[in-house]
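K.L.:
Just one file: run_22.cif, with mmCIF, C-alpha atoms.
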data_my_file
#
loop_
_atom_site.label_atom_id
_atom_site.label_comp_id
_atom_site.auth_asym_id
_atom_site.auth_seq_id
_atom_site.Cartn_x
_atom_site.Cartn_y
_atom_site.Cartn_z
CA MET A 1 0.00 0.00 0.00
CA ARG A 2 1.26 3.43 -0.87
CA LEU A 3 0.05 6.93 -1.61
CA ALA A 4 1.42 8.38 -4.81
CA VAL A 5 0.62 11.88 -6.02
CA THR A 6 1.76 12.95 -9.47
CA ASP A 7 1.78 16.47 -10.85
CA LEU A 8 -1.30 17.49 -8.87
CA ALA A 9 -2.85 20.93 -9.29
CA CYS A 10 -5.66 22.18 -7.09
CA ALA A 11 -7.74 25.33 -6.73
CA ARG A 12 -9.59 27.09 -3.96
CA GLY A 13 -12.64 29.16 -4.78
CA GLY A 14 -11.78 28.98 -8.49
CA VAL A 15 -8.23 30.31 -8.00
CA PRO A 16 -5.43 27.80 -8.62
CA VAL A 17 -3.20 27.66 -5.54
CA LEU A 18 -0.90 24.71 -6.09
CA SER A 19 0.46 23.02 -9.18
CA GLY A 20 2.93 20.27 -9.96
CA VAL A 21 2.76 18.66 -6.51
CA SER A 22 4.35 15.20 -6.58
CA PHE A 23 5.25 12.93 -3.68
CA THR A 24 5.08 9.32 -2.56
CA VAL A 25 4.37 7.99 0.92
CA GLU A 26 4.98 4.31 1.63
CA ALA A 27 3.07 2.20 4.16
CA GLY A 28 4.12 2.99 7.71
CA GLN A 29 5.33 6.48 6.79
CA ALA A 30 4.07 9.95 7.53
CA LEU A 31 4.52 13.15 5.55
CA VAL A 32 4.45 16.57 7.17
CA LEU A 33 3.25 19.46 4.99
CA ARG A 34 4.86 22.82 5.66
CA GLY A 35 4.17 26.25 4.24
CA ALA A 36 2.95 29.70 5.11
CA ASN A 37 -0.72 30.48 5.77
CA GLY A 38 -2.72 30.45 2.55
CA ILE A 39 -0.21 28.39 0.60
CA GLY A 40 -2.83 25.66 0.08
CA LYS A 41 -2.24 23.00 2.72
CA THR A 42 -5.94 22.64 3.49
CA THR A 43 -6.84 22.71 -0.20
CA LEU A 44 -4.30 19.98 -0.92
CA LEU A 45 -5.60 17.80 1.92
CA ARG A 46 -9.24 18.29 0.88
CA THR A 47 -8.34 17.38 -2.68
CA LEU A 48 -6.49 14.27 -1.53
CA ALA A 49 -9.43 13.26 0.66
CA GLY A 50 -11.78 13.58 -2.32
CA LEU A 51 -13.81 16.51 -1.04
CA GLN A 52 -13.00 18.56 -4.10
CA PRO A 53 -11.80 17.62 -7.58
CA ALA A 54 -8.20 18.18 -8.65
CA LEU A 55 -7.58 20.54 -11.59
CA SER A 56 -5.12 18.06 -13.03
CA GLY A 57 -2.74 15.34 -11.97
CA GLU A 58 -3.24 11.96 -10.40
CA ILE A 59 -3.79 10.67 -6.89
CA ASP A 60 -3.09 6.99 -6.45
CA LEU A 61 -4.26 5.54 -3.17
CA PRO A 62 -6.06 2.35 -2.08
CA ASP A 63 -9.86 2.46 -2.39
CA ASP A 64 -11.94 3.20 0.69
CA GLN A 65 -8.97 3.81 2.95
CA ALA A 66 -8.84 7.59 3.14
CA ALA A 67 -10.05 9.59 6.13
CA TYR A 68 -10.03 13.33 6.63
CA ALA A 69 -9.85 15.42 9.79
CA SER A 70 -9.93 19.21 9.79
CA HIS A 71 -10.18 22.09 12.26
CA ALA A 72 -13.86 21.26 12.67
CA ASP A 73 -14.22 18.07 14.63
CA GLY A 74 -17.82 17.18 13.81
CA ILE A 75 -18.64 16.81 17.49
CA LYS A 76 -22.25 17.07 18.61
CA ALA A 77 -22.58 19.06 21.83
CA GLN A 78 -25.76 17.27 22.90
CA LEU A 79 -24.16 13.81 22.75
CA SER A 80 -21.77 12.35 25.31
CA VAL A 81 -18.14 11.58 24.49
CA GLU A 82 -18.98 7.90 24.23
CA GLU A 83 -22.02 8.49 21.99
CA ASN A 84 -20.02 10.74 19.68
CA LEU A 85 -17.36 8.09 19.24
CA SER A 86 -19.70 5.15 18.87
CA PHE A 87 -21.62 7.03 16.17
CA TRP A 88 -18.54 7.29 13.99
CA ALA A 89 -17.52 3.72 14.82
CA GLU A 90 -20.96 2.53 13.66
CA VAL A 91 -20.82 4.57 10.45
CA TYR A 92 -17.54 2.85 9.61
CA GLY A 93 -18.79 -0.53 10.88
CA ASN A 94 -16.14 -0.94 13.58
CA PRO A 95 -16.32 -1.57 17.33
CA VAL A 96 -15.00 1.12 19.70
CA PRO A 97 -11.78 -0.22 21.24
CA ASP A 98 -11.57 0.50 24.98
CA THR A 99 -7.93 1.49 24.59
CA ILE A 100 -8.94 4.58 22.64
CA TYR A 101 -10.13 6.37 25.78
CA GLU A 102 -6.74 5.85 27.41
CA ALA A 103 -4.81 6.78 24.27
CA PHE A 104 -6.43 10.22 24.25
CA ASP A 105 -6.87 10.67 28.02
CA LEU A 106 -10.65 10.59 27.78
CA VAL A 107 -11.35 7.94 30.45
CA ASP A 108 -12.74 10.41 32.98
CA LEU A 109 -14.73 12.30 30.35
CA ARG A 110 -16.44 9.26 28.87
CA HIS A 111 -19.97 10.10 30.01
CA ARG A 112 -19.68 13.88 29.87
CA MET A 113 -21.72 15.80 27.33
CA ALA A 114 -19.40 16.95 24.56
CA GLY A 115 -20.82 20.47 24.85
CA THR A 116 -19.28 20.85 28.31
CA LEU A 117 -15.74 19.96 27.20
CA SER A 118 -12.97 22.53 26.82
CA ALA A 119 -11.55 23.31 23.38
CA GLY A 120 -8.55 21.03 23.93
CA GLN A 121 -10.71 18.21 25.24
CA LYS A 122 -13.00 18.53 22.22
CA ARG A 123 -9.96 18.35 19.98
CA ARG A 124 -8.82 15.15 21.71
CA LEU A 125 -12.28 13.69 21.19
CA GLY A 126 -12.17 14.73 17.53
CA LEU A 127 -8.78 13.10 17.09
CA SER A 128 -9.82 9.92 18.89
CA ARG A 129 -12.33 9.45 16.06
CA LEU A 130 -9.32 8.50 13.93
CA GLY A 131 -8.80 5.51 16.21
CA VAL A 132 -12.28 4.04 15.73
CA ILE A 133 -12.76 4.41 11.98
CA GLY A 134 -10.05 1.92 11.03
CA ARG A 135 -8.84 3.82 7.97
CA LYS A 136 -5.26 3.36 6.77
CA VAL A 137 -4.65 6.69 5.04
CA LEU A 138 -5.17 9.78 7.19
CA PHE A 139 -5.24 13.37 5.93
CA LEU A 140 -4.92 15.61 8.96
CA ASP A 141 -5.30 19.37 8.81
CA GLU A 142 -3.68 21.11 11.80
CA PRO A 143 -4.49 18.28 14.22
CA THR A 144 -2.76 19.91 17.21
CA VAL A 145 -4.63 23.23 17.30
CA SER A 146 -5.61 24.06 20.92
CA LEU A 147 -3.81 21.00 22.31
CA ASP A 148 -1.37 21.37 25.24
CA ARG A 149 2.14 19.93 25.20
CA PHE A 150 1.04 16.73 26.94
CA SER A 151 -1.81 16.10 24.49
CA VAL A 152 0.41 16.77 21.49
CA ASN A 153 2.67 13.97 22.74
CA LEU A 154 -0.36 11.68 23.23
CA PHE A 155 -1.39 12.37 19.67
CA ALA A 156 2.12 11.84 18.29
CA ASP A 157 2.35 8.54 20.20
CA PHE A 158 -0.99 7.46 18.79
CA ILE A 159 0.06 8.24 15.20
CA ARG A 160 3.43 6.53 15.65
CA ASP A 161 2.46 3.43 17.64
CA GLN A 162 -1.14 2.72 16.71
CA HIS A 163 -1.28 3.96 13.15
CA LEU A 164 2.08 4.03 11.39
CA ALA A 165 3.37 0.93 13.20
CA LYS A 166 0.39 -0.97 11.79
CA GLY A 167 1.23 -0.01 8.23
CA GLY A 168 -0.84 3.15 8.03
CA ILE A 169 -0.09 6.35 6.13
CA ALA A 170 -0.54 9.88 7.41
CA VAL A 171 -0.26 13.25 5.66
CA ILE A 172 -0.24 15.99 8.28
CA ALA A 173 -0.32 19.75 7.81
CA THR A 174 1.11 21.41 10.90
CA HIS A 175 3.21 24.35 12.07
CA ILE A 176 4.70 22.69 15.14
CA ASP A 177 7.16 19.86 15.66
CA LEU A 178 5.22 16.70 16.41
CA GLY A 179 8.30 14.64 17.24
CA LEU A 180 7.51 12.19 14.47
CA ASP A 181 10.33 10.81 12.41
CA ALA A 182 8.77 11.94 9.14
CA PRO A 183 9.98 13.71 6.02
CA GLU A 184 8.73 17.24 5.46
CA LEU A 185 7.36 18.71 2.27
CA ASP A 186 7.53 22.47 1.85
CA LEU A 187 4.74 23.61 -0.47
CA GLU A 188 6.36 26.94 -1.35
CA PRO A 189 7.95 25.71 -4.64
CA PHE A 190 4.55 24.44 -5.84
CA ARG A 191 2.74 27.77 -5.59
CA ALA A 192 0.66 28.22 -8.74
CA SER A 193 1.51 31.25 -10.84
CA ALA A 194 -1.09 33.99 -10.74
CA ASP A 195 -1.89 34.05 -14.46
CA GLN A 196 -2.49 30.34 -14.66
CA SER A 197 -6.14 29.74 -15.56
CA GLY A 198 -8.15 26.64 -14.94
CA GLY A 199 -11.28 25.83 -13.00
CA SER A 200 -12.46 29.38 -13.59
CA ASP A 201 -16.08 28.25 -13.57
CA GLU A 202 -15.68 26.67 -10.17
CA ALA A 203 -16.79 29.80 -8.37
CA PHE A 204 -20.16 29.64 -10.07
CA LEU A 205 -20.89 26.03 -9.23
CA MET B 1 -27.28 4.46 7.97
CA ILE B 2 -29.18 3.33 11.06
CA ALA B 3 -26.48 5.00 13.16
CA LEU B 4 -27.11 8.33 11.42
CA LEU B 5 -30.89 8.00 11.85
CA LYS B 6 -30.46 7.20 15.55
CA ARG B 7 -28.09 10.13 16.03
CA ASP B 8 -30.40 12.58 14.24
CA LEU B 9 -33.41 11.49 16.26
CA TRP B 10 -31.43 11.79 19.51
CA LEU B 11 -30.23 15.25 18.56
CA ALA B 12 -33.77 16.32 17.70
CA VAL B 13 -35.30 15.27 21.01
CA ARG B 14 -32.51 16.45 23.29
CA ALA B 15 -32.31 20.01 24.55
CA GLY B 16 -32.16 22.58 21.77
CA GLY B 17 -32.97 20.03 19.08
CA GLY B 18 -36.10 21.81 17.97
CA PHE B 19 -38.40 18.81 18.28
CA GLY B 20 -41.94 20.02 18.89
CA LEU B 21 -41.23 23.43 17.43
CA GLY B 22 -43.05 22.61 14.20
CA LEU B 23 -45.87 21.00 16.12
CA ALA B 24 -46.30 24.02 18.40
CA PHE B 25 -46.27 26.36 15.37
CA PHE B 26 -48.93 24.21 13.68
CA LEU B 27 -51.08 24.33 16.80
CA ILE B 28 -50.81 28.10 17.12
CA VAL B 29 -51.57 28.83 13.46
CA VAL B 30 -54.66 26.63 13.55
CA VAL B 31 -55.84 28.21 16.80
CA LEU B 32 -55.36 31.70 15.34
CA ILE B 33 -57.52 31.09 12.27
CA PRO B 34 -60.91 31.12 14.11
CA PHE B 35 -59.83 34.38 15.76
CA GLY B 36 -59.14 35.86 12.36
CA VAL B 37 -62.17 34.73 10.36
CA GLY B 38 -64.67 34.36 13.19
CA PRO B 39 -66.06 31.28 14.92
CA ASP B 40 -68.89 30.74 12.42
CA ALA B 41 -69.01 27.04 11.50
CA SER B 42 -70.36 27.75 8.01
CA VAL B 43 -67.25 29.81 7.25
CA LEU B 44 -64.71 27.52 8.93
CA GLU B 45 -65.95 24.17 7.71
CA PRO B 46 -65.26 24.62 3.98
CA ILE B 47 -61.80 26.12 4.53
CA ALA B 48 -60.68 23.66 7.23
CA PRO B 49 -58.86 21.16 4.93
CA GLY B 50 -56.98 23.94 3.16
CA ILE B 51 -56.03 25.68 6.41
CA LEU B 52 -54.78 22.47 7.99
CA TRP B 53 -52.71 21.62 4.94
CA VAL B 54 -51.18 25.07 4.57
CA ALA B 55 -50.39 25.18 8.30
CA ALA B 56 -48.77 21.73 8.16
CA LEU B 57 -46.70 22.82 5.17
CA LEU B 58 -45.47 25.98 6.91
CA ALA B 59 -44.69 24.05 10.10
CA CYS B 60 -42.64 21.64 8.01
CA LEU B 61 -40.75 24.55 6.43
CA LEU B 62 -39.75 25.89 9.83
CA SER B 63 -37.17 23.22 10.61
CA LEU B 64 -35.83 22.60 7.11
CA ASP B 65 -32.70 24.76 7.33
CA ARG B 66 -31.52 22.75 10.33
CA ILE B 67 -31.29 19.54 8.28
CA PHE B 68 -27.78 20.18 6.97
CA ALA B 69 -26.76 23.57 8.38
CA LEU B 70 -25.74 22.29 11.83
CA ASP B 71 -23.75 19.40 10.38
CA TYR B 72 -22.10 21.76 7.94
CA GLU B 73 -21.05 24.22 10.64
CA ASP B 74 -19.47 21.69 12.98
CA GLY B 75 -17.73 19.84 10.17
CA SER B 76 -19.61 16.54 10.44
CA LEU B 77 -20.95 16.94 6.91
CA ALA B 78 -17.44 16.90 5.42
CA LEU B 79 -16.58 13.92 7.60
CA LEU B 80 -19.75 12.14 6.49
CA ALA B 81 -18.88 12.87 2.87
CA THR B 82 -15.53 11.10 3.28
CA SER B 83 -17.07 8.19 5.23
CA PRO B 84 -18.20 4.90 3.67
CA LEU B 85 -21.79 6.09 3.91
CA PRO B 86 -22.93 7.30 0.46
CA LEU B 87 -24.14 10.91 0.52
CA GLU B 88 -27.32 9.80 -1.25
CA GLY B 89 -28.05 7.52 1.70
CA ALA B 90 -27.21 10.27 4.15
CA ALA B 91 -29.64 12.66 2.39
CA LEU B 92 -32.38 10.01 2.45
CA ILE B 93 -31.82 9.32 6.16
CA LYS B 94 -31.85 13.03 6.94
CA ALA B 95 -35.21 13.36 5.17
CA ILE B 96 -36.62 10.38 7.04
CA ALA B 97 -35.39 11.76 10.36
CA HIS B 98 -36.96 15.13 9.51
CA TRP B 99 -40.27 13.44 8.71
CA LEU B 100 -40.23 11.40 11.92
CA THR B 101 -39.66 14.53 14.01
CA THR B 102 -41.92 16.90 12.05
CA GLY B 103 -44.27 15.26 9.54
CA LEU B 104 -45.34 12.34 11.69
CA PRO B 105 -46.32 14.42 14.76
CA LEU B 106 -48.21 16.81 12.47
CA THR B 107 -50.08 13.93 10.87
CA LEU B 108 -51.06 12.56 14.27
CA ALA B 109 -52.09 15.97 15.67
CA ALA B 110 -53.98 17.33 12.63
CA PRO B 111 -57.24 15.37 13.10
CA MET B 112 -57.48 16.64 16.69
CA LEU B 113 -57.04 20.23 15.53
CA GLY B 114 -59.76 19.71 12.94
CA VAL B 115 -62.24 20.04 15.82
CA LEU B 116 -61.23 23.68 16.28
CA LEU B 117 -62.15 24.38 12.65
CA HIS B 118 -65.48 22.56 12.71
CA MET B 119 -64.21 20.12 10.15
CA ASN B 120 -66.79 17.69 8.75
CA SER B 121 -66.52 14.48 10.79
CA GLU B 122 -66.23 12.38 7.63
CA ALA B 123 -63.08 14.20 6.62
CA TYR B 124 -60.93 13.16 9.61
CA GLY B 125 -59.84 9.85 8.14
CA TYR B 126 -59.05 11.46 4.79
CA LEU B 127 -57.07 14.25 6.45
CA PHE B 128 -54.98 11.69 8.32
CA ILE B 129 -54.29 9.58 5.23
CA SER B 130 -53.56 12.58 2.98
CA LEU B 131 -51.04 13.99 5.50
CA ALA B 132 -49.46 10.58 6.00
CA LEU B 133 -49.03 10.28 2.21
CA GLY B 134 -48.05 13.89 1.55
CA THR B 135 -45.78 15.03 4.38
CA PRO B 136 -42.92 12.61 3.48
CA ALA B 137 -42.75 14.46 0.13
CA LEU B 138 -42.49 17.78 2.00
CA SER B 139 -39.52 16.43 3.96
CA ILE B 140 -37.59 15.03 1.01
CA ILE B 141 -38.21 18.13 -1.18
CA GLY B 142 -37.14 20.26 1.77
CA THR B 143 -33.99 18.19 2.19
CA PHE B 144 -33.13 18.92 -1.42
CA GLY B 145 -33.66 22.64 -0.82
CA ALA B 146 -31.52 22.46 2.32
CA ALA B 147 -28.76 20.71 0.38
CA LEU B 148 -28.84 23.46 -2.26
CA THR B 149 -28.56 26.26 0.27
CA VAL B 150 -26.19 24.70 2.81
CA GLY B 151 -23.31 26.99 3.64
CA LEU B 152 -25.08 30.15 2.50
CA ARG B 153 -25.60 32.99 4.91
CA ARG B 154 -29.30 33.65 5.48
CA GLY B 155 -29.86 30.46 3.52
CA GLY B 156 -33.11 29.79 5.36
CA LEU B 157 -34.86 32.62 3.54
CA LEU B 158 -33.67 31.50 0.12
CA LEU B 159 -34.58 27.95 1.08
CA SER B 160 -38.22 28.95 1.65
CA LEU B 161 -38.39 30.69 -1.72
CA LEU B 162 -36.92 27.65 -3.47
CA VAL B 163 -38.98 25.04 -1.73
CA LEU B 164 -42.47 26.60 -1.47
CA PRO B 165 -43.23 26.46 -5.22
CA LEU B 166 -42.17 22.81 -5.22
CA TYR B 167 -44.69 22.14 -2.46
CA VAL B 168 -47.64 23.31 -4.60
CA PRO B 169 -48.58 19.94 -6.18
CA THR B 170 -48.55 18.19 -2.79
CA LEU B 171 -50.67 20.95 -1.28
CA VAL B 172 -53.17 20.95 -4.16
CA PHE B 173 -53.77 17.21 -4.14
CA GLY B 174 -53.57 16.88 -0.36
CA ALA B 175 -56.21 19.53 0.34
CA GLU B 176 -58.32 18.35 -2.60
CA ALA B 177 -58.41 14.79 -1.21
CA VAL B 178 -59.73 16.02 2.13
CA ARG B 179 -62.27 18.34 0.48
CA ARG B 180 -63.60 15.52 -1.68
CA GLY B 181 -63.67 13.15 1.28
CA ALA B 182 -65.67 15.65 3.30
CA ALA B 183 -68.16 16.05 0.46
CA GLY B 184 -68.49 12.27 0.06
CA MET B 185 -66.92 12.22 -3.39
CA ASP B 186 -64.43 9.78 -4.87
CA VAL B 187 -60.90 10.43 -3.57
CA THR B 188 -58.92 7.93 -5.65
CA THR B 189 -57.41 10.45 -8.05
CA PRO B 190 -55.96 12.91 -5.51
CA PHE B 191 -54.66 10.08 -3.34
CA VAL B 192 -52.97 8.39 -6.28
CA MET B 193 -51.42 11.69 -7.38
CA LEU B 194 -50.25 12.43 -3.83
CA ALA B 195 -48.67 9.01 -3.43
CA GLY B 196 -47.10 9.34 -6.88
CA ILE B 197 -45.48 12.68 -6.04
CA THR B 198 -44.09 11.26 -2.78
CA ALA B 199 -42.76 8.10 -4.41
CA GLY B 200 -41.20 10.05 -7.28
CA ALA B 201 -39.59 12.55 -4.94
CA PHE B 202 -38.11 9.77 -2.79
CA ALA B 203 -36.77 8.01 -5.86
CA LEU B 204 -35.06 11.03 -7.43
CA LEU B 205 -34.28 13.69 -4.86
CA PRO B 206 -31.73 11.83 -2.69
CA PHE B 207 -29.47 11.79 -5.75
CA ALA B 208 -30.06 15.46 -6.52
CA SER B 209 -29.46 16.36 -2.85
CA ALA B 210 -26.19 14.43 -2.77
CA ALA B 211 -25.01 16.16 -5.96
CA ALA B 212 -25.87 19.56 -4.47
CA LEU B 213 -24.05 18.70 -1.24
CA ARG B 214 -20.93 17.65 -3.13
CA VAL B 215 -20.82 20.98 -4.94
CA ASN B 216 -21.42 22.92 -1.74
CA LEU B 217 -18.71 21.05 0.15
CA ARG B 218 -15.97 22.00 -2.31
#
Using the file provided, produce a representation of the structure as structure tokens.
P.N.:
Amino acid sequence: MRLAVTDLACARGGVPVLSGVSFTVEAGQALVLRGANGIGKTTLLRTLAGLQPALSGEIDLPDDQAAYASHADGIKAQLSVEENLSFWAEVYGNPVPDTIYEAFDLVDLRHRMAGTLSAGQKRRLGLSRLGVIGRKVLFLDEPTVSLDRFSVNLFADFIRDQHLAKGGIAVIATHIDLGLDAPELDLEPFRASADQSGGSDEAFL
Amino acid sequence: MIALLKRDLWLAVRAGGGFGLGLAFFLIVVVLIPFGVGPDASVLEPIAPGILWVAALLACLLSLDRIFALDYEDGSLALLATSPLPLEGAALIKAIAHWLTTGLPLTLAAPMLGVLLHMNSEAYGYLFISLALGTPALSIIGTFGAALTVGLRRGGLLLSLLVLPLYVPTLVFGAEAVRRGAAGMDVTTPFVMLAGITAGAFALLPFASAAALRVNLR
């Protein structure tokens, strides 16, 4: 299993932001995306996850293995931590492993309503979703926003020991050092030139 | 799919879910009518089927913009779109959940409210059947409208303008069935048309809704 991206170009709001992006990630490896705000990290991840079409280029990844996680966690305030997790587990047809509560330090919060959690706790709950969906290829957009030092380490441990060690792939856009032994890809050289057209009708769709 | 239906029903009945809002609106509109046109039975009786149908339709409209907007705001819609659940299935489930929390209570409550409008006693059964056949179409058409307008600011207003004209056939045949039933005439034609509209909408609109959602999620 591997993720191969060849000569990918993608646009946001009808304006091309990236072009000529090529990289390969083998099973058990992670890739960290770097670049200034607005360079197109989110756009690239959304394109890879299949939420928006690419302008050109090819994405080669195993069928039905991609999962996406963004700034928005998709947490329902009126449901408890456990109910939130078991909903996603059921959608993906998996059981909820008990270890997931320990991995993200949620044991004490299990029966709390998600609406009463702090921002960092919500984030941990959102990230723990990745542990119940059983997908091999993760596209993570700023996963550590509002997490404290301790939780960042929990998350890095989870990615390293529970995901990559089991042959998973992760593409992570982040501004901080996660402590993962992963190659970095700076998106600056792939910035699309301003006069490049393409997908100009996108804004009207 | 069952998981999504369960979650939506839970969210609707828990605090702030808006369950009962449509029902309360329906109740109030129907109670207001006799105040407006006077308590005279000879005036109320002929307009009762139409009033009940229009009120049910407006009550249905009230909760439409919640179908996708909340999921869009908190990001669950994007996560659902990348999940193994097809968006067509998600749209269908959302419509069913909307009907169970809005259309079904309206259908059950409408015959009781008919009393307030001096509705002909023979019409009660027809009112119940016509609402049971027609309100699912209101939910699925509304889901399509909600999918079109998801992510727009003040989308609820645009949603009403888009959806109300599409409700006309259901309203016409629904109210006509009750009127004919009350007058002791044959009701086969309006019932068949009503059921046909609902069946057609359920067959086609989940696909249209999913396509609209995909465009709006870009």
K.L.:
Output the residue selection produced by the PyMOL selection byres ((chain B) within 12 of (chain A)) on the file above, formatted as a ChimeraX atom specification.
P.N.:
/B:1-17,70-87,89-90,148,211-218
K.L.:
Do you know which residues are at most 7 Å from segment 183-192 of chain B counting all atoms listed in the file, after dropping those on the same chain fewer than 4 positions away, and could you put them as a list in words?
P.N.:
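What passes the distance filter is Ser130, Phe173, Gly174, Glu176, Ala177, Arg179 and Gly196 of chain B.
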K.L.:
Between atom CA of Asn153 of chain A and atom CA of Thr24 of chain A, measure the distance and give it in Å to one decimal.
P.N.:
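It comes out at 25.8 Å.
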K.L.:
When you count only C-alpha atoms, which of these residues is closest to Glu188 of chain A: A:Arg112, A:Arg149, A:Lys41, A:Arg124?
P.N.:
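Under the stated criterion, the closest residue is A:Lys41.
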K.L.:
For the atom pair atom CA of Ala119 of chain A and atom CA of Gly168 of chain A, what is the interatomic distance in Å to one decimal place?
P.N.:
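Computing the Euclidean distance for atom CA of Ala119 of chain A and atom CA of Gly168 of chain A yields 27.5 Å.
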K.L.:
As a check of understanding, name the residues that the PyMOL selection byres ((chain B and resi 160) around 12) selects in the supplied structure, as a PyMOL selection string.
P.N.:
chain B and resi 57-65+138+141-146+148-149+154-159+161-167
K.L.:
Could you name the residues that touch Val115 of chain B at 10 Å or less, counting all atoms listed in the file, but leaving out those on the same chain fewer than 5 positions away, as a list in words?
P.N.:
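Those residues are Glu45, Ala48, Ala110, Asn120, Ser121 and Tyr124 of chain B.
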K.L.:
Could you save those same residues with C-alpha atoms as a PDB file, in the coordinates of the input?
P.N.:
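Written output follows (result-v2.pdb):
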ATOM      1  CA  GLU B  45     -65.950  24.170   7.710  1.00  0.00           C
ATOM      2  CA  ALA B  48     -60.680  23.660   7.230  1.00  0.00           C
ATOM      3  CA  ALA B 110     -53.980  17.330  12.630  1.00  0.00           C
ATOM      4  CA  ASN B 120     -66.790  17.690   8.750  1.00  0.00           C
ATOM      5  CA  SER B 121     -66.520  14.480  10.790  1.00  0.00           C
ATOM      6  CA  TYR B 124     -60.930  13.160   9.610  1.00  0.00           C
TER       7      TYR B 124
END
K.L.:
Pick from B:Ala41, B:Ala123, B:Ile33, B:Leu104: nearest to Phe19 of chain B, with all atoms listed in the file counted?
P.N.:
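Of all the options, B:Leu104 lies closest to Phe19 of chain B.
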